[in-house]
$ cat structure-v5.txt   # compact mmCIF, C-alpha atoms
# COMPACT_ATOMS: atom_id res chain seq x y z
CA MET A 1 -68.48 52.56 107.89
CA ILE A 2 -66.78 50.20 110.35
CA ARG A 3 -69.33 47.79 111.80
CA LEU A 4 -69.34 47.74 115.59
CA GLU A 5 -70.06 44.52 117.42
CA ASP A 6 -73.09 44.63 119.70
CA SER A 7 -71.12 44.30 122.95
CA SER A 8 -68.71 47.04 121.97
CA LEU A 9 -71.52 49.33 120.88
CA ILE A 10 -73.48 48.71 124.09
CA SER A 11 -70.41 49.43 126.17
CA GLN A 12 -69.78 52.70 124.34
CA LEU A 13 -73.43 53.70 124.63
CA GLN A 14 -73.39 53.02 128.36
CA ASN A 15 -70.29 55.22 128.63
CA GLY A 16 -72.30 57.99 127.03
CA GLU A 17 -70.22 58.24 123.88
CA GLU A 18 -72.05 60.40 121.40
CA SER A 19 -70.31 58.81 118.41
CA ALA A 20 -71.74 55.44 119.45
CA PHE A 21 -75.22 56.90 119.77
CA ARG A 22 -74.95 58.54 116.37
CA TYR A 23 -73.75 55.24 114.88
CA LEU A 24 -76.76 53.48 116.42
CA VAL A 25 -79.21 56.06 115.07
CA GLU A 26 -77.74 56.03 111.58
CA ASN A 27 -77.84 52.24 111.41
CA TYR A 28 -81.33 51.81 112.80
CA GLN A 29 -83.25 54.94 111.86
CA GLN A 30 -84.66 53.52 108.64
CA LYS A 31 -85.62 50.18 110.21
CA ILE A 32 -87.26 51.79 113.25
CA TYR A 33 -89.03 54.44 111.20
CA HIS A 34 -90.40 51.76 108.89
CA THR A 35 -91.53 49.61 111.80
CA CYS A 36 -93.40 52.55 113.34
CA LEU A 37 -94.83 53.47 109.94
CA GLY A 38 -96.19 49.95 109.49
CA PHE A 39 -98.14 50.22 112.75
CA LEU A 40 -99.07 53.90 112.83
CA LYS A 41 -99.77 54.35 109.12
CA ASN A 42 -98.84 58.02 109.24
CA GLU A 43 -95.44 59.37 108.22
CA GLU A 44 -95.36 62.27 110.66
CA GLU A 45 -96.38 60.11 113.62
CA ALA A 46 -93.90 57.42 112.61
CA ASP A 47 -91.10 60.00 112.51
CA ASP A 48 -92.10 61.31 115.93
CA LYS A 49 -92.38 57.82 117.43
CA ALA A 50 -89.06 56.71 115.93
CA GLN A 51 -87.39 59.65 117.69
CA GLU A 52 -89.04 58.62 120.95
CA VAL A 53 -87.65 55.10 120.46
CA PHE A 54 -84.08 56.42 120.27
CA ILE A 55 -84.64 58.67 123.28
CA GLU A 56 -85.91 55.64 125.21
CA ILE A 57 -82.84 53.65 124.12
CA TYR A 58 -80.55 56.45 125.28
CA GLU A 59 -82.28 56.70 128.65
CA SER A 60 -82.58 52.96 129.26
CA ILE A 61 -79.31 51.59 127.88
CA HIS A 62 -77.84 51.30 131.38
CA GLY A 63 -80.66 48.94 132.30
CA PHE A 64 -80.19 46.72 129.24
CA ARG A 65 -79.20 43.33 130.65
CA GLN A 66 -78.10 41.90 127.27
CA ASP A 67 -80.39 38.89 127.70
CA SER A 68 -81.40 39.45 124.08
CA LYS A 69 -79.73 40.88 121.01
CA LEU A 70 -79.49 44.66 120.87
CA SER A 71 -81.62 44.72 117.70
CA THR A 72 -84.33 42.62 119.39
CA TRP A 73 -84.45 45.01 122.31
CA ILE A 74 -84.64 48.03 119.99
CA TYR A 75 -87.45 46.54 117.93
CA ARG A 76 -89.35 45.63 121.11
CA ILE A 77 -89.23 49.27 122.19
CA ALA A 78 -90.40 50.38 118.72
CA VAL A 79 -93.32 47.93 118.70
CA THR A 80 -94.33 48.80 122.28
CA LYS A 81 -94.27 52.53 121.66
CA SER A 82 -96.17 52.16 118.37
CA LEU A 83 -98.87 50.05 120.02
CA GLU A 84 -99.20 52.55 122.91
CA ALA A 85 -99.72 55.33 120.38
CA LEU A 86 -102.28 53.24 118.48
CA ARG A 87 -104.24 52.56 121.67
CA ARG A 88 -104.26 56.26 122.54
CA LYS A 89 -105.46 57.07 119.05
CA LYS A 90 -108.27 54.52 119.25
CA GLN A 91 -109.32 55.87 122.64
CA LYS A 92 -109.36 59.41 121.24
CA LYS A 93 -111.49 58.23 118.35
CA ARG A 94 -113.96 56.54 120.70
CA ASN A 95 -114.14 59.70 122.84
CA ALA A 96 -114.73 61.86 119.77
CA HIS A 97 -117.56 59.59 118.61
CA LEU A 98 -119.10 59.58 122.05
CA LEU A 99 -118.93 63.37 122.26
CA SER A 100 -120.51 63.79 118.86
CA TYR A 101 -123.20 61.25 119.81
CA LEU A 102 -123.96 63.35 122.87
CA GLY A 103 -124.05 66.46 120.74
CA ILE A 104 -120.94 67.91 122.34
CA GLN A 105 -118.44 69.42 119.97
CA GLY A 106 -115.14 67.86 120.92
CA GLU A 107 -111.68 67.99 119.39
CA ALA A 108 -111.83 67.64 115.62
CA PHE A 109 -110.75 64.17 114.61
CA SER A 110 -109.52 63.55 111.12
CA ILE A 111 -111.15 60.73 109.22
CA GLN A 112 -108.64 61.29 106.43
CA ALA A 113 -106.17 59.18 108.41
CA ASP A 114 -108.23 56.07 107.59
CA LYS A 115 -106.75 55.89 104.08
CA PHE A 116 -103.08 55.12 104.19
CA TYR A 117 -100.92 54.87 101.08
CA HIS A 118 -97.59 53.44 102.13
CA PRO A 119 -94.74 55.31 100.39
CA GLY A 120 -92.82 52.07 99.87
CA VAL A 121 -95.58 50.23 98.02
CA GLN A 122 -95.55 50.09 94.22
CA LEU A 123 -98.06 52.33 92.51
CA GLU A 124 -100.20 49.54 91.05
CA ASN A 125 -100.60 48.02 94.54
CA LYS A 126 -101.24 51.19 96.54
CA GLU A 127 -105.03 50.92 96.66
CA ARG A 128 -105.00 47.20 97.50
CA ALA A 129 -102.33 47.77 100.16
CA SER A 130 -104.43 50.55 101.63
CA ILE A 131 -107.37 48.16 101.96
CA LEU A 132 -105.10 45.52 103.49
CA PHE A 133 -103.70 47.97 106.07
CA LYS A 134 -107.25 48.92 107.05
CA THR A 135 -108.12 45.24 107.45
CA ILE A 136 -104.99 44.49 109.52
CA GLU A 137 -106.28 47.04 112.05
CA GLN A 138 -109.25 44.76 112.71
CA LEU A 139 -107.10 41.78 113.66
CA PRO A 140 -106.49 40.80 117.30
CA GLU A 141 -103.42 42.66 118.50
CA ASN A 142 -100.92 39.78 118.47
CA GLN A 143 -101.96 38.65 115.02
CA GLY A 144 -101.60 42.25 113.79
CA ILE A 145 -98.11 42.52 115.29
CA ALA A 146 -96.92 39.26 113.75
CA PHE A 147 -98.41 40.02 110.35
CA THR A 148 -97.05 43.58 110.25
CA LEU A 149 -93.54 42.56 111.31
CA HIS A 150 -93.51 39.76 108.73
CA LYS A 151 -95.19 41.37 105.75
CA VAL A 152 -94.29 45.03 106.20
CA GLN A 153 -90.94 44.79 107.94
CA GLY A 154 -89.91 41.57 106.18
CA MET A 155 -88.84 39.79 109.37
CA SER A 156 -88.47 36.06 109.69
CA TYR A 157 -90.61 34.04 112.10
CA ALA A 158 -87.55 33.53 114.30
CA GLU A 159 -86.93 37.27 114.56
CA ILE A 160 -90.60 37.93 115.28
CA ALA A 161 -90.61 35.23 117.97
CA GLU A 162 -87.65 36.92 119.71
CA ILE A 163 -89.30 40.32 119.61
CA MET A 164 -92.66 39.03 120.85
CA GLY A 165 -91.03 36.80 123.46
CA THR A 166 -92.67 33.69 122.13
CA SER A 167 -91.86 30.55 120.14
CA ILE A 168 -91.57 30.18 116.37
CA SER A 169 -94.51 27.79 116.35
CA ALA A 170 -96.60 30.38 118.17
CA VAL A 171 -95.72 32.91 115.48
CA GLU A 172 -96.62 30.38 112.78
CA SER A 173 -99.97 29.93 114.46
CA LEU A 174 -100.52 33.69 114.71
CA MET A 175 -99.68 34.12 111.02
CA PHE A 176 -102.01 31.28 109.99
CA ARG A 177 -104.89 32.77 111.98
CA ALA A 178 -104.09 36.29 110.76
CA ARG A 179 -104.28 35.14 107.13
CA LYS A 180 -107.56 33.33 107.72
CA ASN A 181 -109.06 36.36 109.43
CA LEU A 182 -107.82 38.71 106.73
CA GLN A 183 -109.27 36.51 104.00
CA LYS A 184 -112.62 36.48 105.79
CA LYS A 185 -112.68 40.23 106.30
CA LEU A 186 -111.46 41.01 102.80
CA ARG A 187 -114.17 38.75 101.38
CA ILE A 188 -116.81 40.72 103.29
CA TYR A 189 -115.28 43.96 102.05
CA TYR A 190 -115.10 42.94 98.37
CA GLU A 191 -118.54 41.34 98.38
CA SER A 192 -120.05 44.54 99.71
CA ASP A 193 -117.97 46.68 97.37
CA LYS A 194 -119.69 46.24 94.02
CA THR A 195 -117.41 48.77 92.21
CA MET B 1 -118.93 31.83 89.54
CA LYS B 2 -116.90 34.32 87.56
CA HIS B 3 -117.84 37.03 90.08
CA LYS B 4 -116.76 34.75 93.00
CA GLU B 5 -113.44 33.92 91.35
CA SER B 6 -112.88 37.57 90.78
CA ILE B 7 -113.36 38.22 94.50
CA GLU B 8 -110.88 35.46 95.36
CA GLU B 9 -108.41 37.04 92.99
CA LYS B 10 -108.92 40.41 94.63
CA ILE B 11 -108.37 38.90 98.08
CA ASN B 12 -105.16 37.18 96.99
CA ARG B 13 -103.87 40.30 95.29
CA ALA B 14 -104.60 42.35 98.40
CA LEU B 15 -102.75 39.82 100.57
CA VAL B 16 -99.63 40.02 98.41
CA SER B 17 -99.80 43.78 97.86
CA LEU B 18 -97.12 44.33 100.49
CA ASP B 19 -94.64 41.96 98.84
CA ASP B 20 -91.62 43.81 97.43
CA ILE B 21 -92.37 46.73 99.74
CA VAL B 22 -89.50 49.22 99.86
CA HIS B 23 -88.37 50.62 103.18
CA PRO B 24 -88.50 54.40 102.90
CA ASP B 25 -86.03 56.67 104.66
CA PRO B 26 -87.29 58.80 107.51
CA PRO B 27 -87.70 62.54 106.85
CA GLU B 28 -84.46 64.46 106.39
CA PHE B 29 -81.98 65.38 109.13
CA PHE B 30 -83.36 62.73 111.47
CA TYR B 31 -80.32 62.69 113.74
CA GLY B 32 -80.11 66.50 113.95
CA ARG B 33 -83.78 66.80 114.84
CA LEU B 34 -83.47 64.00 117.38
CA LYS B 35 -80.51 65.68 119.04
CA ASN B 36 -82.34 69.01 119.22
CA ARG B 37 -85.30 67.29 120.81
CA MET B 38 -83.12 65.55 123.38
CA GLU B 39 -81.35 68.78 124.27
CA ALA B 40 -84.69 70.47 124.67
CA ARG B 41 -85.71 67.72 127.10
CA ASN B 42 -82.48 68.24 129.07
CA THR B 43 -81.41 64.70 128.45
CA SER B 44 -78.16 65.70 126.78
CA TYR B 45 -74.92 64.00 127.83
CA ALA B 46 -73.77 67.13 129.72
CA HIS B 47 -76.96 67.43 131.76
CA TYR B 48 -77.38 63.80 132.75
CA PRO B 49 -74.89 63.88 135.69
CA TRP B 50 -76.51 67.12 136.87
CA ARG B 51 -79.85 65.35 137.27
CA ILE B 52 -78.28 62.67 139.45
CA ALA B 53 -76.60 65.30 141.65
CA LEU B 54 -79.91 67.11 142.04
CA ALA B 55 -81.67 63.91 143.08
CA TYR B 56 -79.06 63.10 145.75
CA SER B 57 -79.08 66.67 147.03
CA SER B 58 -82.86 66.59 147.40
CA VAL B 59 -82.72 63.38 149.43
CA LEU B 60 -79.97 64.78 151.65
CA LEU B 61 -81.97 67.95 152.20
CA VAL B 62 -85.03 65.97 153.28
CA ILE B 63 -82.90 63.95 155.73
CA LEU B 64 -81.41 67.15 157.17
CA ILE B 65 -84.82 68.78 157.62
CA ASN B 66 -86.20 65.66 159.31
CA SER B 67 -83.16 65.45 161.61
CA PHE B 68 -83.51 69.11 162.55
CA THR B 69 -87.22 68.66 163.27
CA LEU B 70 -86.52 65.64 165.47
CA PHE B 71 -83.76 67.49 167.30
CA LYS B 72 -86.05 70.45 167.94
CA SER B 73 -88.78 68.15 169.26
CA TYR B 74 -86.32 66.49 171.67
CA SER B 75 -85.02 69.85 172.86
CA SER B 76 -88.51 71.15 173.60
CA ILE B 77 -89.25 68.05 175.74
CA GLU B 78 -86.11 68.74 177.81
CA THR B 79 -87.02 72.40 178.12
CA SER B 80 -90.52 71.61 179.34
CA GLU B 81 -89.11 69.24 181.96
CA THR B 82 -86.73 71.95 183.19
CA ALA B 83 -89.61 74.42 183.29
CA VAL B 84 -91.67 72.08 185.43
CA GLU B 85 -88.80 71.67 187.89
CA TRP B 86 -88.37 75.42 188.10
CA LEU B 87 -92.02 75.94 188.81
CA VAL B 88 -92.00 73.35 191.57
CA GLU B 89 -88.95 74.95 193.14
CA GLU B 90 -90.32 78.47 192.85
CA TYR B 91 -93.70 77.72 194.37
CA SER B 92 -92.78 75.08 196.93
CA TYR B 93 -93.42 76.28 200.52
CA THR B 94 -90.79 75.68 203.18
CA THR B 95 -93.11 76.88 205.93
CA SER B 96 -96.62 75.72 206.67
CA ILE B 97 -99.56 77.98 206.25
CA TYR B 98 -100.16 78.01 209.99
CA ASP B 99 -96.86 79.81 210.49
CA LEU B 100 -98.10 82.70 208.39
CA THR B 101 -101.28 83.13 210.34
CA GLU B 102 -99.47 83.04 213.64
CA GLU B 103 -98.64 86.52 214.73
$ encode --input "structure-v5.txt" --output "structure tokens"
Amino acid sequence: MIRLEDSSLISQLQNGEESAFRYLVENYQQKIYHTCLGFLKNEEEADDKAQEVFIEIYESIHGFRQDSKLSTWIYRIAVTKSLEALRRKKQKKRNAHLLSYLGIQGEAFSIQADKFYHPGVQLENKERASILFKTIEQLPENQGIAFTLHKVQGMSYAEIAEIMGTSISAVESLMFRARKNLQKKLRIYYESDKT
Amino acid sequence: MKHKESIEEKINRALVSLDDIVHPDPPEFFYGRLKNRMEARNTSYAHYPWRIALAYSSVLLVILINSFTLFKSYSSIETSETAVEWLVEEYSYTTSIYDLTEE
């Protein structure tokens, strides 16, 4: 496949060329799906959210000012949409708990979703990774974003800094604090888990 | 001590469990499903100009309705002024009441 330069691709997208849009989707679908999967921890939701990301790109491309790389902009949309979905999910969970506390039978909420086995993790690490994903959820949001983009998506600190709109040193700091927090929480988990 | 070391080992192994993670492909026919979804939302390439035309038409229609309403209001003011003049003319007396009683 011939690689299109960003500026050429953007221009073709803004002209509404379907071949350009298809090229964009085929080149980014795996990356965006994986990014959403890292945050949402559910394959169906990640697929759905990844589609929403491309729809957003299609609808907003005319407003893209090219003050960042195209890939940075795309990842920003993916992270934003994933976080919005996570917040809605958490709110739903809180509402469900409140309803059950009040004795009102609300919408059934699956607890099964708490255990997530990432399809890309090696078999011998699946259980440990599942525990780690659960622990990442407890991090402050920015630490969770930085850690997920680095460890799950394999991005460099520079790439993460661009996406988060911050400096590399800020990302380093987030990662340091994320690791410390994860160690603390994992210690509590393993000390209470006598199995 | 052995138990504590074991916990440290578990923590470290958990922290590196995502190393060598493989990026899975999204479910099959991603582009086809995406396109179907976009067409269902009426955001296809063919429909996009139609939405712009509809937006402009709606604005123009609102302007026309407002203009018509303003015009009608102005016309009714003129009409009421004309009506007042007619009434004055119709009921104005050219002779005094004393003339009528004089026989």
$ residues_around --input "structure-v5.txt" --residues "Ile57 of chain A" --least-positions-apart "4" --cutoff "12 Å" --atoms "only C-alpha atoms" --output "list of chain:residue names"
A:Ile10, A:Leu13, A:Gln14, A:Gly16, A:Phe21, A:Leu24, A:Val25, A:Tyr28, A:Ile32, A:Ala50, A:Gln51, A:Glu52, A:Val53, A:Ile61, A:His62, A:Gly63, A:Phe64, A:Leu70, A:Ser71, A:Trp73, A:Ile74, A:Tyr75, A:Arg76, A:Ile77, A:Ala78, A:Lys81, B:Met38, B:Thr43
$ write_last_selection --input "structure-v5.txt" --atoms "C-alpha atoms" --output "JSON list (two decimals), in the frame of the given file"
[["chain", "number", "residue", "atom", "x", "y", "z"],
["A", 10, "ILE", "CA", -73.48, 48.71, 124.09],
["A", 13, "LEU", "CA", -73.43, 53.70, 124.63],
["A", 14, "GLN", "CA", -73.39, 53.02, 128.36],
["A", 16, "GLY", "CA", -72.30, 57.99, 127.03],
["A", 21, "PHE", "CA", -75.22, 56.90, 119.77],
["A", 24, "LEU", "CA", -76.76, 53.48, 116.42],
["A", 25, "VAL", "CA", -79.21, 56.06, 115.07],
["A", 28, "TYR", "CA", -81.33, 51.81, 112.80],
["A", 32, "ILE", "CA", -87.26, 51.79, 113.25],
["A", 50, "ALA", "CA", -89.06, 56.71, 115.93],
["A", 51, "GLN", "CA", -87.39, 59.65, 117.69],
["A", 52, "GLU", "CA", -89.04, 58.62, 120.95],
["A", 53, "VAL", "CA", -87.65, 55.10, 120.46],
["A", 61, "ILE", "CA", -79.31, 51.59, 127.88],
["A", 62, "HIS", "CA", -77.84, 51.30, 131.38],
["A", 63, "GLY", "CA", -80.66, 48.94, 132.30],
["A", 64, "PHE", "CA", -80.19, 46.72, 129.24],
["A", 70, "LEU", "CA", -79.49, 44.66, 120.87],
["A", 71, "SER", "CA", -81.62, 44.72, 117.70],
["A", 73, "TRP", "CA", -84.45, 45.01, 122.31],
["A", 74, "ILE", "CA", -84.64, 48.03, 119.99],
["A", 75, "TYR", "CA", -87.45, 46.54, 117.93],
["A", 76, "ARG", "CA", -89.35, 45.63, 121.11],
["A", 77, "ILE", "CA", -89.23, 49.27, 122.19],
["A", 78, "ALA", "CA", -90.40, 50.38, 118.72],
["A", 81, "LYS", "CA", -94.27, 52.53, 121.66],
["B", 38, "MET", "CA", -83.12, 65.55, 123.38],
["B", 43, "THR", "CA", -81.41, 64.70, 128.45]]
$ closest_residue --input "structure-v5.txt" --among "A:Gln30, A:Asn181, A:Thr35, A:Gln138" --to "chain B" --atoms "all atoms listed in the file"
A:Gln30
$ interface_residues --input "structure-v5.txt" --of "chain B" --to "chain A" --cutoff "10 Å" --atoms "only C-alpha atoms" --output "tab-separated table (two decimals) with C-alpha atoms, keeping the file's coordinate frame"
chain	number	residue	atom	x	y	z
B	3	HIS	CA	-117.84	37.03	90.08
B	4	LYS	CA	-116.76	34.75	93.00
B	6	SER	CA	-112.88	37.57	90.78
B	7	ILE	CA	-113.36	38.22	94.50
B	8	GLU	CA	-110.88	35.46	95.36
B	10	LYS	CA	-108.92	40.41	94.63
B	11	ILE	CA	-108.37	38.90	98.08
B	12	ASN	CA	-105.16	37.18	96.99
B	13	ARG	CA	-103.87	40.30	95.29
B	14	ALA	CA	-104.60	42.35	98.40
B	15	LEU	CA	-102.75	39.82	100.57
B	16	VAL	CA	-99.63	40.02	98.41
B	17	SER	CA	-99.80	43.78	97.86
B	18	LEU	CA	-97.12	44.33	100.49
B	19	ASP	CA	-94.64	41.96	98.84
B	20	ASP	CA	-91.62	43.81	97.43
B	21	ILE	CA	-92.37	46.73	99.74
B	22	VAL	CA	-89.50	49.22	99.86
B	23	HIS	CA	-88.37	50.62	103.18
B	24	PRO	CA	-88.50	54.40	102.90
B	25	ASP	CA	-86.03	56.67	104.66
B	26	PRO	CA	-87.29	58.80	107.51
B	27	PRO	CA	-87.70	62.54	106.85
B	30	PHE	CA	-83.36	62.73	111.47
B	31	TYR	CA	-80.32	62.69	113.74
B	32	GLY	CA	-80.11	66.50	113.95
B	33	ARG	CA	-83.78	66.80	114.84
B	34	LEU	CA	-83.47	64.00	117.38
B	35	LYS	CA	-80.51	65.68	119.04
B	37	ARG	CA	-85.30	67.29	120.81
B	38	MET	CA	-83.12	65.55	123.38
B	41	ARG	CA	-85.71	67.72	127.10
B	43	THR	CA	-81.41	64.70	128.45
B	44	SER	CA	-78.16	65.70	126.78
B	45	TYR	CA	-74.92	64.00	127.83
B	46	ALA	CA	-73.77	67.13	129.72
B	48	TYR	CA	-77.38	63.80	132.75
$ atom_distance --input "structure-v5.txt" --atom1 "atom CA of Val171 of chain A" --atom2 "atom CA of Glu159 of chain A"
9.9 Å
$ residues_around --input "structure-v5.txt" --residues "Ile145 of chain A" --least-positions-apart "5" --cutoff "9 Å" --atoms "only C-alpha atoms" --output "ChimeraX atom specification"
/A:39,79,83,140,150,160,164
$ atom_distance --input "structure-v5.txt" --atom1 "atom CA of Lys49 of chain A" --atom2 "atom CA of Leu9 of chain A"
22.8 Å
$ atom_distance --input "structure-v5.txt" --atom1 "atom CA of Leu40 of chain A" --atom2 "atom CA of Arg94 of chain A"
17.0 Å
$ closest_residue --input "structure-v5.txt" --among "A:Ser100, A:Gln91, A:Ser8, A:Ser68" --to "Ile163 of chain A" --atoms "all atoms listed in the file"
A:Ser68
